[in-house]
Each structure stands twice: as structure tokens, then as C-alpha cells.
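Colleague: Sharing input_18.cif here; it has mmCIF, C-alpha atoms.
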```
data_work
#
loop_
_atom_site.label_atom_id
_atom_site.label_comp_id
_atom_site.auth_asym_id
_atom_site.auth_seq_id
_atom_site.Cartn_x
_atom_site.Cartn_y
_atom_site.Cartn_z
CA SER A 179 15.66 13.10 -33.34
CA VAL A 180 15.28 16.90 -33.32
CA LEU A 181 11.54 16.55 -32.65
CA ASP A 182 12.23 14.29 -29.68
CA ARG A 183 14.63 16.81 -28.20
CA ILE A 184 12.24 19.72 -28.69
CA ARG A 185 9.31 17.73 -27.32
CA HIS A 186 11.15 16.78 -24.16
CA MET A 187 12.97 20.03 -23.45
CA SER A 188 12.57 20.61 -19.73
CA PHE A 189 14.16 23.05 -17.32
CA LEU A 190 13.45 22.33 -13.66
CA MET A 191 14.74 24.06 -10.55
CA ARG A 192 13.26 22.81 -7.32
CA PRO A 193 14.55 23.52 -3.80
CA SER A 194 15.00 20.64 -1.36
CA ARG A 195 14.71 20.74 2.41
CA PHE A 196 18.37 21.78 2.41
CA ALA A 197 19.00 25.12 0.69
CA ALA A 198 22.54 24.02 -0.22
CA ASN A 199 21.17 21.08 -2.18
CA LEU A 200 19.34 22.96 -4.92
CA MET A 201 19.35 21.08 -8.22
CA THR A 202 19.01 22.55 -11.71
CA PHE A 203 18.35 20.45 -14.82
CA GLY A 204 19.12 21.14 -18.46
CA ALA A 205 17.24 19.89 -21.50
CA GLU A 206 16.65 16.20 -22.14
CA ASP A 207 18.47 14.61 -25.07
CA VAL A 208 17.38 11.40 -26.81
CA PHE A 209 20.40 9.18 -27.50
CA GLN A 210 18.37 6.15 -28.68
CA ALA A 211 15.25 7.05 -30.66
CA ALA A 212 13.70 3.66 -29.93
CA ALA A 213 13.26 1.45 -26.87
CA ALA A 214 16.27 1.23 -24.52
CA ASP A 215 16.58 -0.85 -21.37
CA TYR A 216 19.13 -1.97 -18.74
CA ILE A 217 20.87 1.39 -18.98
CA SER A 218 24.20 1.83 -17.19
CA ILE A 219 26.39 4.96 -17.13
CA ASP A 220 29.86 5.87 -15.86
CA LYS A 221 32.18 8.87 -15.88
CA LEU A 222 34.94 9.17 -18.48
CA SER A 223 35.96 12.75 -17.67
CA ALA A 224 34.54 15.99 -16.27
CA THR A 225 32.67 16.50 -19.56
CA LYS A 226 32.05 12.98 -20.88
CA ALA A 227 30.22 9.83 -19.81
CA ILE A 228 29.71 6.42 -21.38
CA ALA A 229 26.28 4.78 -21.38
CA ALA A 230 25.55 1.13 -22.22
CA TYR A 231 22.10 -0.31 -22.85
CA LYS A 232 19.99 -2.91 -24.65
CA ASP A 233 18.00 -1.76 -27.67
CA ALA A 234 14.61 -3.01 -28.86
CA SER A 235 16.23 -5.82 -30.88
CA GLY A 236 18.19 -7.14 -27.90
CA ASN A 237 21.49 -5.66 -29.10
CA GLY A 238 23.92 -4.27 -26.56
CA ARG A 239 25.14 -0.77 -27.46
CA CYS A 240 27.39 1.93 -26.04
CA VAL A 241 27.13 5.67 -26.63
CA ILE A 242 29.32 8.58 -25.52
CA LEU A 243 27.57 11.53 -23.88
CA THR A 244 29.17 14.99 -23.84
CA VAL A 245 28.16 17.59 -21.24
CA ASP A 246 28.77 21.32 -21.68
CA GLY A 247 27.33 23.22 -18.75
CA LEU A 248 23.80 21.83 -18.57
CA SER A 249 23.68 20.88 -22.26
CA ILE A 250 24.12 17.21 -23.15
CA SER A 251 24.61 15.58 -26.54
CA ALA A 252 25.27 12.05 -27.74
CA GLY A 253 27.61 10.50 -30.27
CA ASP A 254 26.49 7.65 -32.49
CA PRO A 255 25.67 4.42 -30.60
CA VAL A 256 27.83 1.41 -31.55
CA THR A 257 26.74 -2.21 -31.04
CA PHE A 258 28.94 -4.50 -28.93
CA THR A 259 26.72 -7.61 -29.07
CA THR A 260 23.80 -8.85 -31.18
CA SER A 261 22.96 -11.62 -28.71
CA ALA A 262 19.98 -11.33 -26.38
CA THR A 263 21.14 -9.36 -23.35
CA LYS A 264 19.49 -9.63 -19.92
CA ASP A 265 21.59 -7.12 -17.97
CA ILE A 266 24.45 -4.70 -18.65
CA ASP A 267 26.95 -2.68 -16.62
CA VAL A 268 29.67 -0.38 -17.94
CA VAL A 269 32.75 0.53 -15.91
CA ALA A 270 35.02 3.41 -16.91
CA LEU A 271 38.76 2.76 -16.47
CA SER A 272 40.13 6.02 -17.89
CA ALA A 273 39.00 8.89 -20.12
CA THR A 274 39.47 6.67 -23.18
CA LYS A 275 38.80 3.15 -21.90
CA ALA A 276 35.97 1.21 -20.26
CA LEU A 277 34.82 -2.36 -19.70
CA VAL A 278 31.29 -3.44 -20.50
CA VAL A 279 30.01 -6.58 -18.75
CA TYR A 280 26.79 -8.19 -19.87
CA THR A 281 24.67 -11.31 -19.69
CA GLY A 282 23.71 -13.71 -22.42
CA ALA A 283 24.08 -17.45 -22.65
CA ASP A 284 27.36 -16.80 -20.77
CA GLY A 285 28.72 -13.89 -18.75
CA PHE A 286 30.71 -11.67 -21.11
CA ALA A 287 33.05 -8.69 -20.95
CA ARG A 288 34.55 -6.47 -23.66
CA VAL A 289 37.02 -3.61 -23.49
CA VAL A 290 35.66 -0.36 -24.91
CA SER A 291 38.14 2.06 -26.47
CA ILE A 292 36.92 5.63 -26.87
CA SER A 293 38.14 8.07 -29.52
CA GLY A 294 36.28 11.36 -29.33
CA THR A 295 32.65 10.25 -29.22
CA THR A 296 33.17 6.91 -30.95
CA PRO A 297 33.44 3.62 -29.00
CA SER A 298 35.15 0.53 -30.45
CA TYR A 299 35.54 -2.91 -28.89
CA GLY A 300 38.05 -5.58 -28.12
CA THR A 301 37.24 -9.28 -28.40
CA ALA A 302 34.33 -10.54 -26.30
CA PHE A 303 35.53 -12.63 -23.35
CA SER A 304 33.38 -15.21 -21.54
CA PHE A 305 34.23 -15.16 -17.83
CA THR A 306 31.75 -17.96 -17.09
CA SER A 307 30.05 -20.52 -19.29
CA ASN A 308 27.06 -20.58 -16.94
CA GLU A 309 23.95 -18.56 -17.71
CA ILE A 310 23.84 -15.45 -15.56
CA TRP A 311 21.15 -12.90 -14.84
CA ALA A 312 21.92 -9.68 -12.95
CA VAL A 313 25.47 -8.31 -13.17
CA ALA A 314 27.32 -5.29 -11.72
CA GLY A 315 30.93 -4.12 -11.80
CA SER A 316 33.31 -1.51 -10.37
CA SER A 317 36.90 -0.53 -11.10
CA LEU A 318 39.57 -1.60 -8.63
CA THR A 319 42.41 -0.10 -10.68
CA SER A 320 42.86 1.27 -14.20
CA SER A 321 43.08 -2.31 -15.47
CA THR A 322 41.05 -4.47 -13.04
CA VAL A 323 37.32 -4.67 -12.37
CA ILE A 324 35.39 -6.51 -9.65
CA VAL A 325 32.19 -8.09 -10.98
CA GLY A 326 29.31 -9.53 -8.97
CA TYR A 327 26.57 -11.57 -10.62
CA THR A 328 23.69 -14.00 -10.19
CA ASP A 329 24.58 -17.46 -11.54
CA LYS A 330 21.30 -18.85 -12.85
CA THR A 331 22.84 -22.20 -13.78
CA ASP A 332 24.16 -22.74 -10.23
CA SER A 333 20.88 -22.35 -8.32
CA GLU A 334 20.97 -18.56 -8.75
CA SER A 335 23.81 -18.25 -6.23
CA PHE A 336 25.69 -14.95 -6.03
CA LYS A 337 29.30 -14.93 -7.23
CA ALA A 338 32.17 -12.55 -7.85
CA VAL A 339 35.25 -12.46 -10.08
CA VAL A 340 38.07 -10.02 -10.83
CA LEU A 341 38.55 -9.25 -14.52
CA SER A 342 41.89 -7.95 -15.76
CA CYS A 343 42.24 -5.88 -18.94
CA PRO A 344 45.63 -4.11 -19.23
CA SER A 345 45.14 -3.93 -23.01
CA THR A 346 42.06 -4.74 -25.10
CA THR A 347 42.13 -8.39 -23.98
CA VAL A 348 40.24 -9.57 -20.89
CA THR A 349 41.24 -12.37 -18.51
CA ALA A 350 39.60 -13.56 -15.30
CA GLY A 351 40.72 -14.67 -11.86
CA SER A 352 39.06 -17.47 -9.95
CA ILE A 353 35.30 -17.20 -9.41
CA VAL A 354 34.21 -17.05 -5.76
CA GLN A 355 30.75 -17.85 -4.41
CA LEU A 356 29.63 -15.08 -2.06
CA ASP A 357 26.20 -16.45 -1.16
CA ALA A 358 24.77 -19.91 -1.85
CA GLY A 359 21.20 -18.63 -1.53
CA ALA A 360 19.27 -17.72 -4.64
CA THR A 361 19.57 -14.06 -5.60
CA GLY A 362 17.30 -12.08 -7.88
CA GLY A 363 16.52 -8.60 -9.12
CA ASP A 364 18.97 -5.72 -9.30
CA VAL A 365 22.38 -6.18 -7.69
CA GLY A 366 25.19 -3.79 -6.79
CA CYS A 367 28.97 -4.14 -6.63
CA VAL A 368 31.46 -1.40 -5.71
CA ALA A 369 35.16 -1.06 -4.98
CA LEU A 370 35.93 0.97 -1.86
CA THR A 371 39.69 0.76 -2.49
CA SER A 372 41.92 -1.25 -4.83
CA THR A 373 41.83 -4.11 -2.30
CA LEU A 374 38.34 -3.86 -0.74
CA ALA A 375 34.93 -4.27 -2.39
CA MET A 376 31.31 -4.96 -1.45
CA CYS A 377 28.31 -6.53 -3.17
CA PHE A 378 24.68 -5.80 -2.28
CA TYR A 379 21.78 -8.02 -3.35
CA LYS A 380 18.48 -9.67 -2.45
CA ASP A 381 19.03 -13.09 -0.85
CA GLU A 382 16.02 -15.14 -1.94
CA GLY A 383 17.43 -18.09 -0.03
CA ASN A 384 16.97 -16.12 3.20
CA GLY A 385 13.55 -14.48 3.01
CA SER A 386 14.61 -12.18 0.15
CA LYS A 387 16.41 -9.98 2.69
CA ALA A 388 18.70 -7.18 1.54
CA THR A 389 22.20 -8.57 2.10
CA ALA A 390 25.78 -7.33 1.78
CA THR A 391 29.07 -9.21 1.47
CA ALA A 392 32.49 -7.54 1.72
CA MET A 393 35.59 -8.89 -0.04
CA THR A 394 39.31 -8.29 0.09
CA ILE A 395 41.22 -8.51 -3.19
CA SER A 396 44.83 -9.39 -3.87
CA GLY A 397 45.63 -9.24 -7.57
CA THR A 398 42.79 -11.23 -9.08
CA SER A 399 42.15 -13.35 -5.95
CA ILE A 400 39.07 -12.71 -3.78
CA THR A 401 38.62 -13.49 -0.09
CA ASN A 402 35.00 -13.01 0.89
CA GLY A 403 33.49 -12.29 4.26
CA THR A 404 30.24 -13.61 5.73
CA PRO A 405 27.00 -12.30 4.15
CA VAL A 406 25.29 -9.78 6.46
CA VAL A 407 21.56 -9.09 6.46
CA VAL A 408 21.06 -5.34 6.11
CA ASP A 409 17.30 -5.32 6.74
CA THR A 410 15.50 -8.14 8.57
CA ASP A 411 12.11 -7.11 7.14
CA GLY A 412 12.76 -9.15 4.00
CA ASN A 413 11.64 -8.68 0.40
CA GLY A 414 14.42 -6.19 -0.35
CA THR A 415 14.33 -5.32 -4.06
CA LYS A 416 15.91 -2.77 -6.44
CA CYS A 417 19.24 -3.03 -4.63
CA CYS A 418 21.92 -0.44 -5.44
CA ILE A 419 25.13 0.77 -3.80
CA THR A 420 27.71 3.56 -4.04
CA PRO A 421 31.04 3.99 -2.25
CA LEU A 422 31.29 6.82 0.29
CA THR A 423 34.75 6.47 1.88
CA ALA A 424 37.42 3.76 2.09
CA THR A 425 35.31 1.99 4.75
CA LYS A 426 31.74 3.13 4.10
CA VAL A 427 29.08 2.74 1.40
CA VAL A 428 25.50 3.88 1.00
CA VAL A 429 22.90 1.37 -0.13
CA ALA A 430 19.31 1.85 -1.27
CA TYR A 431 16.56 -0.71 -1.78
CA ASN A 432 12.79 -1.09 -1.76
CA ARG A 433 10.81 -3.07 0.74
CA GLY A 434 7.07 -3.41 0.19
CA GLY A 435 6.65 0.03 -1.38
CA ASP A 436 9.06 1.76 1.00
CA CYS A 437 12.27 3.15 -0.54
CA ARG A 438 15.03 2.83 2.05
CA ALA A 439 18.67 3.84 2.43
CA ARG A 440 21.42 3.02 4.92
CA VAL A 441 25.13 3.49 5.53
CA LEU A 442 27.13 0.25 5.69
CA THR A 443 30.54 0.18 7.36
CA VAL A 444 33.35 -2.33 6.89
CA SER A 445 35.53 -2.99 9.92
CA GLY A 446 38.40 -5.42 10.32
CA SER A 447 38.78 -6.85 6.85
CA THR A 448 35.31 -7.99 5.78
CA THR A 449 32.89 -7.38 8.70
CA VAL A 450 29.85 -5.34 7.66
CA SER A 451 27.57 -3.36 9.99
CA ALA A 452 24.49 -1.33 9.04
CA GLY A 453 23.43 2.12 10.20
CA ALA A 454 19.87 3.25 10.84
CA LYS A 455 17.24 2.94 8.11
CA LEU A 456 16.02 6.00 6.23
CA SER A 457 12.64 5.78 4.48
CA TYR A 458 12.89 8.45 1.81
CA GLU A 459 9.99 7.68 -0.57
CA THR A 460 6.86 5.55 -0.79
CA GLY A 461 6.01 3.45 -3.83
CA THR A 462 7.76 0.70 -5.74
CA PRO A 463 10.36 2.23 -8.08
CA ALA A 464 10.87 1.00 -11.62
CA GLY A 465 14.54 1.81 -11.07
CA GLN A 466 16.72 3.03 -8.21
CA LYS A 467 20.36 4.18 -8.36
CA LEU A 468 22.94 6.13 -6.32
CA ALA A 469 25.95 8.32 -7.13
CA ARG A 470 28.58 9.64 -4.72
CA VAL A 471 29.12 13.41 -4.63
CA ASN A 472 31.60 13.52 -1.72
CA ASP A 473 32.21 11.85 1.66
CA THR A 474 28.95 13.23 3.10
CA THR A 475 26.65 13.64 0.08
CA VAL A 476 25.00 11.17 -2.33
CA VAL A 477 22.50 11.76 -5.14
CA ALA A 478 19.76 9.15 -5.59
CA MET A 479 17.25 8.51 -8.35
CA ALA A 480 14.03 6.53 -8.10
CA SER A 481 11.05 6.52 -10.42
CA THR A 482 7.72 6.11 -8.63
CA SER A 483 4.14 7.09 -9.56
CA ASN A 484 5.16 7.61 -13.21
CA VAL A 485 7.61 10.39 -12.30
CA GLY A 486 11.41 10.37 -12.40
CA ASN A 487 12.70 11.81 -9.11
CA THR A 488 16.09 12.65 -7.67
CA TYR A 489 17.00 13.05 -4.01
CA VAL A 490 20.03 14.46 -2.23
CA PHE A 491 21.19 12.37 0.72
CA SER A 492 23.26 13.95 3.49
CA ILE A 493 25.33 11.58 5.62
CA SER A 494 26.49 12.22 9.19
CA GLY A 495 28.37 9.27 10.63
CA THR A 496 26.04 6.36 9.85
CA THR A 497 22.86 8.44 9.65
CA VAL A 498 21.25 9.33 6.31
CA SER A 499 18.82 12.20 5.75
CA SER A 500 17.18 13.15 2.47
CA SER A 501 15.88 16.12 0.55
CA ASP A 502 12.38 16.17 -0.84
CA ALA A 503 11.86 14.57 -4.24
CA ILE A 504 13.11 16.72 -7.13
CA GLU A 505 11.60 15.81 -10.50
CA TYR A 506 13.76 15.43 -13.59
CA ASN A 507 11.06 13.92 -15.85
CA ASP A 508 7.62 15.30 -15.07
CA GLY A 509 4.58 13.21 -15.92
CA ALA A 510 6.32 10.45 -17.88
CA SER A 511 6.65 6.81 -16.90
CA VAL A 512 10.38 6.54 -16.32
CA SER A 513 11.77 3.03 -16.18
CA LYS A 514 15.28 1.78 -15.45
CA GLY A 515 18.18 4.17 -15.60
CA ASP A 516 21.43 5.25 -13.96
CA LEU A 517 23.21 8.40 -12.84
CA ILE A 518 26.78 9.56 -12.27
CA MET A 519 28.58 12.67 -11.04
CA LEU A 520 31.07 14.14 -13.53
CA SER A 521 32.43 16.78 -11.14
CA ALA A 522 31.75 18.07 -7.64
CA THR A 523 28.57 19.79 -8.85
CA VAL A 524 27.60 18.44 -12.30
CA GLY A 525 26.17 15.03 -13.10
CA THR A 526 24.05 13.24 -15.67
CA ILE A 527 21.16 10.79 -15.68
CA ALA A 528 20.43 8.25 -18.44
CA TYR A 529 17.07 6.50 -18.43
CA THR A 530 14.26 4.82 -20.32
CA ASP A 531 11.55 7.39 -20.96
CA GLY A 532 8.25 5.53 -20.88
CA GLY A 533 6.44 8.74 -21.78
CA ASN A 534 8.30 8.83 -25.09
CA SER A 535 8.04 5.28 -26.46
CA ASN A 536 10.72 4.01 -24.02
CA HIS A 537 13.42 6.00 -25.81
CA GLY A 538 16.89 6.16 -24.28
CA THR A 539 17.20 9.66 -22.84
CA SER A 540 19.78 11.67 -20.88
CA ILE A 541 19.78 14.91 -18.92
CA ALA A 542 22.47 16.91 -17.14
CA PHE A 543 22.02 18.45 -13.68
CA GLU A 544 23.88 20.78 -11.35
CA LEU A 545 24.01 20.87 -7.54
CA SER A 546 24.45 24.20 -5.82
#
```
Could you show the structure in this file as C-alpha cells?
Modeller:
Amino acid sequence: SVLDRIRHMSFLMRPSRFAANLMTFGAEDVFQAAAADYISIDKLSATKAIAAYKDASGNGRCVILTVDGLSISAGDPVTFTTSATKDIDVVALSATKALVVYTGADGFARVVSISGTTPSYGTAFSFTSNEIWAVAGSSLTSSTVIVGYTDKTDSESFKAVVLSCPSTTVTAGSIVQLDAGATGGDVGCVALTSTLAMCFYKDEGNGSKATATAMTISGTSITNGTPVVVDTDGNGTKCCITPLTATKVVVAYNRGGDCRARVLTVSGSTTVSAGAKLSYETGTPAGQKLARVNDTTVVAMASTSNVGNTYVFSISGTTVSSSDAIEYNDGASVSKGDLIMLSATVGTIAYTDGGNSNHGTSIAFELS
């Protein structure tokens, strides 16, 4: 509402340790004037993003966000499912098309067609009849998406599948088990190229250690490598991942109140090795996400101590360094959210604002 937007108008400009990594924020915009959870966001174009989320009634909804400079506005949200939704991820395929994957009694996917700021949907497709919990996806091509998920029915093992959607109809390749150990909490899945992907998750069957598995893809067929423990300390939660180059990713996770990040490198076809650990924040985040800026820069978000913070990571080889925390939501309890870069310097964050009745909220930012 107008009152929400006036109440939460905030302009922040805080320098980091690196002068080149200054961040400026525009005004917050409420896109869901009620509770929103499991928020996911992806880039449609240099000025538009698509966000997917669960509302207070358990409905899954998508909304189109438009960014003009540092101003952000939302179209009308449109419901894609009325079934209880446990997790959601949205993957943009072009400026006018996306795929939303979500959990319910089954694992589902629907094509999203975008006209202006209005989303519409193809037929819901069940890619597994098993009950699934956490889910994450990433585009391999303009018509294929790699999806990683926790299969609750099958002892909470971690699995992956390639979904194909050349039109508004979705089909699936063969499901592959990546890790037989139970997995829980947030998971990540990214495509490094059209034929190489990686999933990142907490392996509860192995001391809850942060674990990564690389995969090669041919069409809709997956060949998975051996799971690799990223951090032997165990209890790795809030796992997230972003691609950096064709052979490198950056991962972030929390271990016992310590927010950590590392570079992972794929060599050969599916062999994963981990760079040195960076501890960039203390506290257990309600949410933690990453977005690639370029081959050597990543923006992170983590909400700790009732404050929504961003960080700018600089990568040299396999070493990660971080800016100081830069607040985007001062004094509110910010829960789960997501962020994405729309251009080399402009991005947007979508999140649950606990300081405003858990409303779904977005904000644009600029790096300089």
C-alpha cells in the first residue's frame, strides 16, 4: 500500500572496506501487503525481475518487478498454485519466460509467460510423485533447467533432474540420486555452462557437513560426480551458491553462528575442490543468498541480529575477501529473501520484512 511504501522509504549509502564497492539503495517497495515467505527472484532483463513466493494462505504467487534507476515497482501478483507450498524457486529463461519449481505433495513445475508486468502460467507438471522439501533450479539453456531437491519420501536423499520446456509444456529427464544421505535446510543448484552444473547442500547423513556434487549434462541426462565435503566442521546450514566462471562457483553457508564463504572449483569433469574459508559475519542468518556481479565479484545477503545486511565479496583465484556489512533494512527483522544483479552495477533484493508484518518487500541497489 502507499502507507507501507512511505513508512519503509529508506535511502542508505555506506562505504565498505573497498572504496570501489560502495552501495547505494533506493526506497523499499511492498509487493505483497501481507505475509510472504520462501521468496525467490531472477533477472528477466536489465530493468525487470520476476519474484516467486508463498503468501499467508499457502498460495504460490509470482510478481514482476520493474526497476528504473533506484526506483522499484511491482505489477499485480498472480497465483500459480493454491496448494500448500514448502519451498519455491523461479528460474528466468528469457525476458518473457520463466519456470517456477515448487514443492507440495509432489514436486511441480510450471512455465511462466510474461506480458508487460503480468505473469500467466502453463499447465502444472509433476516431475516426481514423491513428497519433496527444499528445491532449487538454474537454467542450462533457454528451454532446459537443472533442478536439485530433497526427496522426503526417499529418506530425504538429494536428487537432481533436468526439466525441458521449449513451449509452455514441461517434461522431465531421468531423476538421478546425487547423495543417499539425508539432506535438510536450504539447498543450492547452479549451471556453470549448458553441460555442467553443481548442487550444494547440508548432508545430514554425514554429520550435516556442507557438501557439493558436480554433474555433467547431455540433453536431459545427468552424470553425477562424487559428493565432496566442503567444510569438515559439520552442521553447515543456510546453503547457497552462485556461478562465478565456467569452472568456479562461490558458496556460502552458516556453521554454528559463523557465516562462511568459499570458492569451489570443478576440474576434470566432476571433481570438486574447495578454496580457503572466509568467515564474513557472526550470527545465525534467517536467510543467506549470493548473486554474481562478474568473474571476481559477488554480492551476498544475510540477515542477522534483526538487520538485513549485504556484503561485497572480492575473489582472487580461490580466495574470498569481504566488505563490511552494508544495511539495506535497518532495525527490522528480515527473514528469507533473495537477490539478483540486473546489470553490471544495478541489482534488486526481495525479502520478508519482519518489521512490517512479514510483508513481501523489494529494494533496488547500485554498486559503484
Colleague: Report, in Å to a single decimal, how far apart atom CA of A:Ile266 and atom CA of A:Glu206 are.
Modeller: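 Value for the atom CA of A:Glu206-atom CA of A:Ile266 distance: 22.6 Å.
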Colleague: To one decimal in Å, tell me the separation between atom CA of A:Asn534 and atom CA of A:Val485.
Modeller: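 Atom CA of A:Val485 lies at a distance of 12.9 Å from atom CA of A:Asn534.
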Colleague: Let me know the residues the PyMOL selection byres ((chain A and resi 374) around 8) catches in the file above, as a ChimeraX atom specification.
Modeller: /A:369-373,375-376,392-395
Colleague: What does the file look like for those residues with C-alpha atoms, as a CSV table (one decimal), in the coordinates of the input?
Modeller:
```
chain,number,residue,atom,x,y,z
A,369,ALA,CA,35.2,-1.1,-5.0
A,370,LEU,CA,35.9,1.0,-1.9
A,371,THR,CA,39.7,0.8,-2.5
A,372,SER,CA,41.9,-1.2,-4.8
A,373,THR,CA,41.8,-4.1,-2.3
A,375,ALA,CA,34.9,-4.3,-2.4
A,376,MET,CA,31.3,-5.0,-1.4
A,392,ALA,CA,32.5,-7.5,1.7
A,393,MET,CA,35.6,-8.9,0.0
A,394,THR,CA,39.3,-8.3,0.1
A,395,ILE,CA,41.2,-8.5,-3.2
```
Colleague: Identify which of the residues A:Phe258, A:Phe209, A:Tyr489, A:Tyr327 lies closest to A:Ala302, counting all atoms listed in the file when measuring atom-to-atom distances.
Modeller: A:Phe258
Colleague: Set the distance at 10 Å and use all atoms listed in the file: which residues neighbour A:Asp381 once local chain neighbours fewer than 4 positions away are removed? I'd like the list as a PDB file with C-alpha atoms, keeping the file's coordinate frame.
Modeller:
```
ATOM      1  CA  GLU A 334      20.970 -18.560  -8.750  1.00  0.00           C
ATOM      2  CA  SER A 335      23.810 -18.250  -6.230  1.00  0.00           C
ATOM      3  CA  PHE A 336      25.690 -14.950  -6.030  1.00  0.00           C
ATOM      4  CA  ASP A 357      26.200 -16.450  -1.160  1.00  0.00           C
ATOM      5  CA  ALA A 358      24.770 -19.910  -1.850  1.00  0.00           C
ATOM      6  CA  GLY A 359      21.200 -18.630  -1.530  1.00  0.00           C
ATOM      7  CA  ALA A 360      19.270 -17.720  -4.640  1.00  0.00           C
ATOM      8  CA  THR A 361      19.570 -14.060  -5.600  1.00  0.00           C
ATOM      9  CA  GLY A 362      17.300 -12.080  -7.880  1.00  0.00           C
ATOM     10  CA  GLY A 363      16.520  -8.600  -9.120  1.00  0.00           C
ATOM     11  CA  GLY A 385      13.550 -14.480   3.010  1.00  0.00           C
ATOM     12  CA  SER A 386      14.610 -12.180   0.150  1.00  0.00           C
ATOM     13  CA  LYS A 387      16.410  -9.980   2.690  1.00  0.00           C
ATOM     14  CA  ALA A 388      18.700  -7.180   1.540  1.00  0.00           C
ATOM     15  CA  THR A 389      22.200  -8.570   2.100  1.00  0.00           C
ATOM     16  CA  ALA A 390      25.780  -7.330   1.780  1.00  0.00           C
ATOM     17  CA  PRO A 405      27.000 -12.300   4.150  1.00  0.00           C
ATOM     18  CA  VAL A 407      21.560  -9.090   6.460  1.00  0.00           C
ATOM     19  CA  GLY A 412      12.760  -9.150   4.000  1.00  0.00           C
ATOM     20  CA  ASN A 413      11.640  -8.680   0.400  1.00  0.00           C
ATOM     21  CA  GLY A 414      14.420  -6.190  -0.350  1.00  0.00           C
ATOM     22  CA  THR A 415      14.330  -5.320  -4.060  1.00  0.00           C
TER      23      THR A 415
END
```
Colleague: Select, from A:Ile419, A:Ile228, A:Val450, A:Ala542, the residue with the minimum atom-to-atom distance to A:Tyr506, counting all atoms listed in the file.
Modeller: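 Residue with the minimum atom-to-atom distance to A:Tyr506: A:Ala542.
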Colleague: To verify the selection step, state as a list in words which residues the PyMOL selection byres ((chain A and resi 444) around 9) yields on this input.
Modeller: Met376, Ala392, Ala424, Thr425, Lys426, Val427, Leu442, Thr443, Ser445, Gly446, Ser447, Thr448, Thr449, Val450 and Ser451 of chain A
